Structures are given as structure tokens and as C-alpha cells.
Amino acid sequence: MSEKRLLGLILALFILLGSSYALVTPIFEASDELWHYPMVRHLADGNPLPVQAFDPALAGPWKQEASQPPLYYYLAAALTFWIDTGDMDQVRWLNPHVDNGVITTDGNINLAVHDPAGNPWQGTRLAVRLVRLASVLMGAVTVTLTYAIARHVAPGRAEIALGAAAVNAFMPMFLFISGAVNNDNLAIMLASLGVLLLIELVRRPRPGRGGLVQILITGGVIGLAALTKEGTLALIPLALGTLFIAQWQARPGETGETGETGETGETATTLPAFLRQLLRLLGRSLLAFGLLLIPVLLIAGWWYYRNIQLYGDWLGWNAFIAVLGQRPQPASLAQLWDERWGFLLAYWGLFGGVNVPMATWIYRLLNGVLLLGVLGFPLYLLQEIRARRLALTGGRTLPGLLAGLLDLVVGYFPLVVSLLFSAAVVYGLISWATTTWSSQGRLVFTAISTLTVLLVVGLVGWLPRRPAGGILAVLSTFLFLVAAAAPWLWIRPAYDPAAYAPPRPYVAQPAAVTFGDTLRLTGYAVLPPDPASSTLRPGDWVDVVLNWQVLAPAGRDWSVFVHLNDPVLGVPIAQRDMYHAQGLRPTSLLTPGESLTTYYRLFVPRTAAAPAQLELAVGLYDFGSEERLPTTAGQEAATLAVLPLQPIPGEFPNATAVNFGAEVLLVGYEVAPRTTRPGEALTLTLYWQPLRPLDTDYTFFAQLLDEDTTRWASADVAPPNGTSRYPAGEVQTLDLPLLVDENTPAGVYPIVIGLYTRTPDGGFQRLQIVVDGRITMEDMLTLTQIRVAR
């Protein structure tokens, strides 16, 4: 089959697969679609651009997306303005309990509630699907551009160009995003087109006025990209460098000192003349860059000026972050590295609200492919150098070496620009992720074309030319099979209540608890981790299965809560709240006479105080008003069982193992009393084990905190001889007295602990908790709760 026909086949398969993702994924269950589409609808209704509120409660249905450049939203609005979308508030039925961004065992991953009686080809549902299908076409253009970029990077290597197009086309996460209402789709397409046009400024320069038109067109595309997403702004400095390389490549015979320059393309041989030559070329590059900026500013400049006027920030990031939220403290590179598994999950394919995964083995295999591509990239470069017999020319003088280096850049310019743009996008995400919770691989898709080309040439680097095409065909076929299966094997079942079942067989205990006149609990089962024992320990999970019967139509949506209550405190230490049928069916969608089963997985905190007799309580409440639906006996909840919580065996009370900064390990604690009064004291004893000889003297702290972070008791203790004198491995006992403030309101409050050291500027730096060898953002540990009585 010819190269063009193979490319056509890849594109046809991509459109087919992308359409299946667009049609199978329930409305508003694609990444951020819940907030992207309200922007489309707002503009389609003829409204002006909304102003981003800094208060999340006032941000509107688009949340932080009002800070995003609007081109994609305007195009989508133009496509759907004729559709009556007055039903958006009903279709966009939010799940208040959703585990967004969390992979769970017991479901509750749906961002929205879906009425099965809704017409999929009417109103908002129709508008969303049309925008999704238009986005699939944008993705097809991106795949074509990936092929074109790869043709420049590896001329004469059809297997690389087709392999890059296929890997790009059949990547499950790219297909998923392409089948969603998301401005990434237009941004990715325009960024890829921008990179291709930059390459062609050097590889296919047009003479005379054609060159000016070429520059203006490139600037126009960059302007459109900048009006779509700020992640494409890396194209602007890259354009300046490109124009300089283009000037270097086309440099005429300079007229300088006799003998210092030659004819077209020659280089000055003395350093002063060479520097003058570079300055002249830089001047011409700046003039060309100024021409390129004209369409950029005309197309996108108004948006960034608007940001300055409205938010005092030309990027509008201050408003974006105010709504999106940020990390409690900036993440270090080590922290981001520890988040690499989740990052790569969202690169290859993590669907829904980044909470619907594929099989784990697929990620491990694809991560191995990525590692091979990274390690093989230097090998590919060596192959190219040998094949082209490239070397630095110009002699051993500094001007000659620099000129040879620039000539090398010209020769490899498509590869260089692909590397630089990919690096700029990755660097931008790293900077963004240090502040926000954004360690998602899909956020580098702005550079998906160049990243895919680099991956493919890296894989080819391991192989002679002939078998390379076969290996890429195998990889592409594997990706195609996974991508074709994903909508049916993982996405669709995630929103089907029938796909969820308790993890093992059970025998339900009878129950007869009626809530109002609406629902009756007919049975339950408690499934601890160990089938042979009903005993729980801190850090364990327990599954609770509830069997329900619908008695009458419900005029309200009652949420189910399942609590493990500590009778000493009278509050839950573990709980799970969701709608029926794993979060998918609110009570207003239930039919009288229907029976249904829902199971709930609860996690006992690893620092829960033990021993204790935990009460398993079940009830229903209205999420908006917090009103509970009483039982016919007048109770707000039904207590079904008492579960014994036993301490973890160990030498110390409440034995645990919490790692702080790979420096010290909390191995136990005790606190007394657990019920106190304002003005009285608590005694908190902590047991610490240094993991290594410490070279820092830390201060230990404990606090009794309110929800608004008010401290009703606190203690900071620095050991008299300093922690640097603690012998490694030897457990140290530390008492922290906590005097409860006399003005403390009655209630239940958590005790939090940690360690810190003073910084030179008078501040402090806390040790972060390490879990499974990975640094977390948590720098405090919640031990247990204390009741303050009146």
C-alpha cells in the first residue's frame, strides 16, 4: 500500500475511533467538559465574554475556564448557536459526592448524573456531541501535521512519518480528549501547525514577497494559537530563533574587510568580522520578527490587554488559580518526580474525571516503550551523523566552530525545533504544576506532535532501518487495539451500575429500616479485608453492602451516608457518602417497587485511636440543606452493627509508621483524656524513631485545630539537646502538653502534629510526609480527634 493510502487509512481509523469516544463517553464525563461547555453555551446565547471571578463560589458554571483565551469557545458557539440549549441546567446535573481525580473501587466517579430518559440528539446533549465531533476533526488535522513534521525530521523515512502519525492517532488519551469539548483540541492543532510553519521557514523559504507572506501567515497561525490557549505562547520566542536561523542559512556575501567574507553563505573568518556578521543577521531577524508579530498582536493582543485591565495580570493566571486552587506549598522537583506514575497514566489514557483507568499492565508496557524511546534518541542521532557524515566545518577557529554549529542546527532544524518546543511545553507544565495540582500528562498535549515524533525516532534509534517499520507497525497495532477497546471495556462500564459488584460473595443480614415513606433498607453485609475475622485495625478498609427497596417516588435526591462512629467522640472516624447505585442513581430516578444494591468502601485512618468499638450507622440526607430523612422510628440514622477496632500489634500505644521527610518515623502515640473542657490540659505523648543520624535540630509541634484553622491548643517543643543528638534507630519519647483555650467552643477537633526547622529569613520549613517512598504535599499529620465538652 502506498504511503498516502496508509496515511489515509490512519486518518480514517482515527476519525472512527474518535467518534466512538465522542459518542460513548457520557455527556460532561470528559476532562473539564463540565466547565468548557458552559463557556460555549454562554457565547452561543449572544452574551459577552464573562469576567473571571476570584471567588470560587461566584465563578459561574465555567469555573476557571473564563480565564482561558476564547477562540475555541467562539468557534464552538458558531457551530451550535441554532440549538435550543435551555435544558443545560437539567442535563448538567452535578454529582455532589464525586471522587474527581480519584480512582476508586466502589465507583462514585461520575461527574454528572445522567437521566436515561434524556434524548441524546436534542438540546444540550446534541450541542455537546456536535462540538465533540468537530473536535475529532481537529484531532485528525493534528495527526496529519504530526506526519508532516516527521517527514521533515526524518526525510526519506516513510516508516518514521507513518509511525509517528499512527502512534499519535491511536494514543487512547489523545482520542479521548479529541472526543471532548475541550479547547486543547484547537490549541494542539494550531501549535502543531505553527511548528510545521516554523520548520518550513527554514526548509522551504519563499523568495521575495512570498517570504513576507510566509512570515505573515506563520504569525497569523501563532496569533490564533495564542487566542486559544496560553500554553502555545512558546511559539513566539521560537519564531525569533527560527527567523535568525533562516537568515543564517540565506546569508548573502557580506561586504566587510577584504578577505574576511566570501560569496553567498560564506562566513567571516575573524572574530570581530564574525560578530558583525551575526549582528547584521540578528538585525534582519528582528525586522522579520516584528513583521511576524503584527498578525499575532492584531489577533490575540486584545485578549492579553483585557487580562491586564481586568486582573492586573497579562496571562490572567491570578484569577485562574484563585478558582482552580493551588497546592498548600510549592512542590519541589522531587515531589513532581514522585507524581510521575499519575502523570503518565493521564498521558496514555485516564478517562472520565481522570478517574477511569485502563488495565495496569498496559501502562507499564507503554512506560517501557517510552523509556526505550528516551534512551534510543541519542542512538538515533549517532545513526544520522554517520549516515549524513555530518561534522562541524569551518576549521578550528572560534568563528569557524560557531559557524559549523549553526550549520549543524540548519541541517537538523526540524529536529531542533521539535526538541525546543517539546522542552518549552514540558518546562511550562513543570512550572505550573509546582503551584497547582496539575501533574497530568494530557497537559503536555500542546506538543503532542513533536513529542510523538521524538518518541518514534528514539525507538527507531535501537534498530536498523529495515526492521524499524515492522516494530513501529506492531506498536501502532497494539495502540489501535487498546484504543478501540477502551470505550467499551473501561469507559462505558464505569457509568453502568450493573458493572459494580461487591469484591466477594456475601450473605446479607436481614434489616427492616424504613426511611420516611420512600426507602426501606432490607439487608446489609460487612466485608472486612480478612474474611476469617471481623476485627479491623487502623489503616484497614471495610466494604459495607446495603440492599434497598424503593417504596414510593422521591421528590428529593437523598444521599446515603455510611459512618463508622467512635462512641467516645460521637462522630465518624470513617465515612462514605454517595447516591444510590455507586453514585449513578439519585432517589428521584428510582422507581417504586425497585430493589437495588450499593456497596461502600470505608477506610479507617491509619492513626485511629484503638482499641475502640465502632458503630456502623446508615442514613439519608439532603446534600443542599443537610436535612436528614428520619426513620419511621424517628431516628436520624440506623445503627446496624458494632465493629471492634484493635490496635496494630507493636511495642508502643497506637502503633503506626508515618515517615516524615525520610528523617524520622512516628511509631506510636497516646493522648489522654479524649474528652476535655475549655481551660483543661491534654497530655500527648509521641514516640519517634530517627531513620538516620540527623544533622538538623527539629522542633516538634502539636495543635488542636478548628475547620477554619483556628488553634484552640498548641505546643512547640524543641528537645533540650537537639534532635541531631538522637541515635539513629533508637526510639525517643516526647511529651507535648496541650492547654485547651478557655474560649474553645464545644465540639470535636483533630490533633495535628509535625516537625519544622527555622529558616534564615525567620520563617520555618516543615518536613513533608513520605508514603511508599514518595514525598507528599502533606506537612502535618492528623492523629485523632478530641471532644471539648461544655
# chains A, B, ... in the order shown; residues from 1 in each chain; ligands from 1

call {"tool": "residues_around", "arguments": {"residues": "Leu190 (chain A)", "least_positions_apart": "4", "cutoff": "8 Å", "atoms": "only C-alpha atoms", "output": "PyMOL selection string"}}
result
chain A and resi 186+194+221-222+224-225

call {"tool": "residues_around", "arguments": {"residues": "Thr587 (chain A)", "least_positions_apart": "2", "cutoff": "12 Å", "atoms": "only C-alpha atoms", "output": "MDAnalysis selection string"}}
result
chainID A and resid 113 115 518:519 548:560 578:581 583:585 589:592 594 596 620:622

call {"tool": "write_last_selection", "arguments": {"atoms": "C-alpha atoms", "output": "short mmCIF file (atom, residue, chain, number, x, y, z; two decimals), in the first residue's frame"}}
result
data_model
loop_
_atom_site.label_atom_id
_atom_site.label_comp_id
_atom_site.auth_asym_id
_atom_site.auth_seq_id
_atom_site.Cartn_x
_atom_site.Cartn_y
_atom_site.Cartn_z
CA VAL A 113 -25.92 12.35 36.86
CA ASP A 115 -31.13 10.64 33.12
CA THR A 518 -39.59 6.38 50.40
CA LEU A 519 -36.89 3.75 51.01
CA TRP A 548 -32.63 -1.29 49.34
CA GLN A 549 -36.24 -1.36 48.25
CA VAL A 550 -37.97 1.68 46.76
CA LEU A 551 -41.38 2.24 48.34
CA ALA A 552 -42.58 5.47 46.74
CA PRO A 553 -41.42 8.20 44.37
CA ALA A 554 -38.94 10.61 45.93
CA GLY A 555 -39.44 14.29 45.38
CA ARG A 556 -35.89 14.98 46.53
CA ASP A 557 -32.49 13.45 45.95
CA TRP A 558 -31.45 11.83 49.20
CA SER A 559 -27.78 10.96 49.62
CA VAL A 560 -26.79 7.83 51.54
CA MET A 578 -22.92 8.89 47.63
CA TYR A 579 -26.09 8.49 45.66
CA HIS A 580 -27.53 5.02 45.15
CA ALA A 581 -26.09 2.57 42.60
CA GLY A 583 -23.38 7.36 42.72
CA LEU A 584 -25.21 6.94 39.42
CA ARG A 585 -28.86 6.98 40.52
CA LEU A 589 -34.61 8.47 39.30
CA LEU A 590 -35.70 5.39 41.27
CA THR A 591 -38.94 3.53 40.55
CA PRO A 592 -41.34 2.28 43.26
CA GLU A 594 -37.42 -1.47 42.52
CA LEU A 596 -31.10 -2.24 44.32
CA LEU A 620 -30.04 9.55 54.24
CA TYR A 621 -29.78 13.31 53.93
CA ASP A 622 -30.32 16.18 51.51
#

call {"tool": "residues_around", "arguments": {"residues": "region 161-175 of chain A", "least_positions_apart": "5", "cutoff": "6 Å", "atoms": "only C-alpha atoms", "output": "number ranges by chain"}}
result
A: 14, 18, 143, 146-147, 150-151, 348-349, 452-453, 456, 472, 476, 479-480, 483

call {"tool": "residues_around", "arguments": {"residues": "region 369-374 of chain A", "least_positions_apart": "3", "cutoff": "12 Å", "atoms": "only C-alpha atoms", "output": "ChimeraX atom specification"}}
result
/A:167,344,347-348,362-366,377-381,451-463,471-472,474-476,478-479

call {"tool": "write_last_selection", "arguments": {"atoms": "C-alpha atoms", "output": "PDB file, in the first residue's frame"}}
result
ATOM      1  CA  VAL A 167       1.164   6.494  17.456  1.00  0.00           C
ATOM      2  CA  LEU A 344       1.936   9.004  32.811  1.00  0.00           C
ATOM      3  CA  TYR A 347      -0.659  10.734  29.259  1.00  0.00           C
ATOM      4  CA  TRP A 348      -1.545   7.301  27.930  1.00  0.00           C
ATOM      5  CA  ILE A 362      -0.962  -1.500  29.676  1.00  0.00           C
ATOM      6  CA  TYR A 363       0.570   1.496  31.449  1.00  0.00           C
ATOM      7  CA  ARG A 364       3.625  -0.481  32.467  1.00  0.00           C
ATOM      8  CA  LEU A 365       4.156  -1.686  28.901  1.00  0.00           C
ATOM      9  CA  LEU A 366       3.740   1.798  27.417  1.00  0.00           C
ATOM     10  CA  PHE A 377      17.163   9.058  20.990  1.00  0.00           C
ATOM     11  CA  PRO A 378      20.970   9.520  21.295  1.00  0.00           C
ATOM     12  CA  LEU A 379      21.393   6.346  19.260  1.00  0.00           C
ATOM     13  CA  TYR A 380      19.237   7.824  16.503  1.00  0.00           C
ATOM     14  CA  LEU A 381      21.407  10.929  16.457  1.00  0.00           C
ATOM     15  CA  LEU A 451       6.691  14.621  21.427  1.00  0.00           C
ATOM     16  CA  THR A 452       5.380  11.745  19.337  1.00  0.00           C
ATOM     17  CA  VAL A 453       7.928  12.345  16.591  1.00  0.00           C
ATOM     18  CA  LEU A 454      10.736  12.366  19.172  1.00  0.00           C
ATOM     19  CA  LEU A 455       9.397   9.152  20.724  1.00  0.00           C
ATOM     20  CA  VAL A 456       9.303   7.383  17.370  1.00  0.00           C
ATOM     21  CA  VAL A 457      12.791   8.443  16.280  1.00  0.00           C
ATOM     22  CA  GLY A 458      14.032   7.304  19.692  1.00  0.00           C
ATOM     23  CA  LEU A 459      12.513   3.869  19.165  1.00  0.00           C
ATOM     24  CA  VAL A 460      13.992   3.696  15.669  1.00  0.00           C
ATOM     25  CA  GLY A 461      17.391   4.510  17.165  1.00  0.00           C
ATOM     26  CA  TRP A 462      17.642   0.971  18.510  1.00  0.00           C
ATOM     27  CA  LEU A 463      17.013  -0.669  15.152  1.00  0.00           C
ATOM     28  CA  ILE A 471       8.385  -2.698  15.012  1.00  0.00           C
ATOM     29  CA  LEU A 472       6.508   0.598  14.630  1.00  0.00           C
ATOM     30  CA  VAL A 474       3.463  -3.652  15.908  1.00  0.00           C
ATOM     31  CA  LEU A 475       3.381  -0.724  18.360  1.00  0.00           C
ATOM     32  CA  SER A 476       0.740   1.077  16.296  1.00  0.00           C
ATOM     33  CA  PHE A 478      -1.185  -2.550  19.830  1.00  0.00           C
ATOM     34  CA  LEU A 479      -2.201   1.066  20.477  1.00  0.00           C
TER      35      LEU A 479
END

call {"tool": "residues_around", "arguments": {"residues": "region 199-209 of chain A", "least_positions_apart": "6", "cutoff": "10 Å", "atoms": "only C-alpha atoms", "output": "PyMOL selection string"}}
result
chain A and resi 149+152-153+193+215+218+239+242-250+410-411+413-418

call {"tool": "closest_residue", "arguments": {"among": "A:Trp337, A:Tyr72, A:Trp437, A:Trp712", "to": "Val40 (chain A)", "atoms": "only C-alpha atoms"}}
result
A:Tyr72

call {"tool": "residues_around", "arguments": {"residues": "region 85-101 of chain A", "least_positions_apart": "2", "cutoff": "7 Å", "atoms": "only C-alpha atoms", "output": "list of chain:residue names"}}
result
A:Ile83, A:Ile103, A:Asn108, A:Ile109, A:Asn110, A:Leu111, A:Ala112, A:Val113, A:Gly123, A:Thr124, A:Gly353, A:Val354, A:Asn355, A:Asp577, A:Met578

call {"tool": "select_by_dssp", "arguments": {"residues": "region 451-592 of chain A", "states": "helix (DSSP H, G or I)", "output": "PyMOL selection string"}}
result
chain A and resi 451-460+465-494+497-499+587-589

call {"tool": "residues_around", "arguments": {"residues": "Val507 (chain A)", "least_positions_apart": "5", "cutoff": "10 Å", "atoms": "only C-alpha atoms", "output": "PDB file with all heavy atoms, in the first residue's frame"}}
result
ATOM      1  N   GLY A 523     -31.484  -5.258  53.928  1.00  0.00           N
ATOM      2  CA  GLY A 523     -30.397  -6.132  54.337  1.00  0.00           C
ATOM      3  C   GLY A 523     -29.056  -5.447  54.201  1.00  0.00           C
ATOM      4  O   GLY A 523     -28.939  -4.403  53.548  1.00  0.00           O
ATOM      5  N   TYR A 524     -28.061  -6.042  54.862  1.00  0.00           N
ATOM      6  CA  TYR A 524     -26.724  -5.458  54.796  1.00  0.00           C
ATOM      7  C   TYR A 524     -25.691  -6.557  55.004  1.00  0.00           C
ATOM      8  O   TYR A 524     -26.004  -7.656  55.491  1.00  0.00           O
ATOM      9  CB  TYR A 524     -26.556  -4.357  55.849  1.00  0.00           C
ATOM     10  CG  TYR A 524     -26.438  -4.877  57.267  1.00  0.00           C
ATOM     11  CD1 TYR A 524     -25.194  -5.116  57.849  1.00  0.00           C
ATOM     12  CD2 TYR A 524     -27.590  -5.157  58.023  1.00  0.00           C
ATOM     13  CE1 TYR A 524     -25.097  -5.614  59.142  1.00  0.00           C
ATOM     14  CE2 TYR A 524     -27.503  -5.647  59.302  1.00  0.00           C
ATOM     15  CZ  TYR A 524     -26.245  -5.874  59.864  1.00  0.00           C
ATOM     16  OH  TYR A 524     -26.150  -6.370  61.128  1.00  0.00           O
ATOM     17  N   ALA A 525     -24.465  -6.251  54.632  1.00  0.00           N
ATOM     18  CA  ALA A 525     -23.340  -7.155  54.894  1.00  0.00           C
ATOM     19  C   ALA A 525     -22.100  -6.319  55.152  1.00  0.00           C
ATOM     20  O   ALA A 525     -21.934  -5.243  54.570  1.00  0.00           O
ATOM     21  CB  ALA A 525     -23.116  -8.099  53.717  1.00  0.00           C
ATOM     22  N   VAL A 526     -21.246  -6.808  56.041  1.00  0.00           N
ATOM     23  CA  VAL A 526     -19.982  -6.149  56.355  1.00  0.00           C
ATOM     24  C   VAL A 526     -18.861  -7.071  55.912  1.00  0.00           C
ATOM     25  O   VAL A 526     -18.793  -8.231  56.360  1.00  0.00           O
ATOM     26  CB  VAL A 526     -19.860  -5.836  57.860  1.00  0.00           C
ATOM     27  CG1 VAL A 526     -18.515  -5.185  58.162  1.00  0.00           C
ATOM     28  CG2 VAL A 526     -21.008  -4.941  58.309  1.00  0.00           C
ATOM     29  N   LEU A 527     -17.998  -6.568  55.019  1.00  0.00           N
ATOM     30  CA  LEU A 527     -16.930  -7.391  54.448  1.00  0.00           C
ATOM     31  C   LEU A 527     -15.581  -6.774  54.802  1.00  0.00           C
ATOM     32  O   LEU A 527     -15.068  -5.913  54.092  1.00  0.00           O
ATOM     33  CB  LEU A 527     -17.089  -7.481  52.929  1.00  0.00           C
ATOM     34  CG  LEU A 527     -18.464  -7.945  52.417  1.00  0.00           C
ATOM     35  CD1 LEU A 527     -18.489  -7.920  50.900  1.00  0.00           C
ATOM     36  CD2 LEU A 527     -18.781  -9.341  52.931  1.00  0.00           C
ATOM     37  N   VAL A 545     -22.178  -3.503  52.337  1.00  0.00           N
ATOM     38  CA  VAL A 545     -23.154  -3.731  51.269  1.00  0.00           C
ATOM     39  C   VAL A 545     -24.547  -3.446  51.825  1.00  0.00           C
ATOM     40  O   VAL A 545     -24.915  -3.961  52.897  1.00  0.00           O
ATOM     41  CB  VAL A 545     -23.085  -5.183  50.746  1.00  0.00           C
ATOM     42  CG1 VAL A 545     -24.045  -5.365  49.574  1.00  0.00           C
ATOM     43  CG2 VAL A 545     -21.667  -5.539  50.342  1.00  0.00           C
TER      44      VAL A 545
END

call {"tool": "atom_distance", "arguments": {"atom1": "CA of Ile27 (chain A)", "atom2": "CA of Asp496 (chain A)"}}
result
14.1 Å

call {"tool": "closest_residue", "arguments": {"among": "A:Ala508, A:Arg251, A:Arg5, A:Pro155", "to": "Arg280 (chain A)", "atoms": "only C-alpha atoms"}}
result
A:Arg251
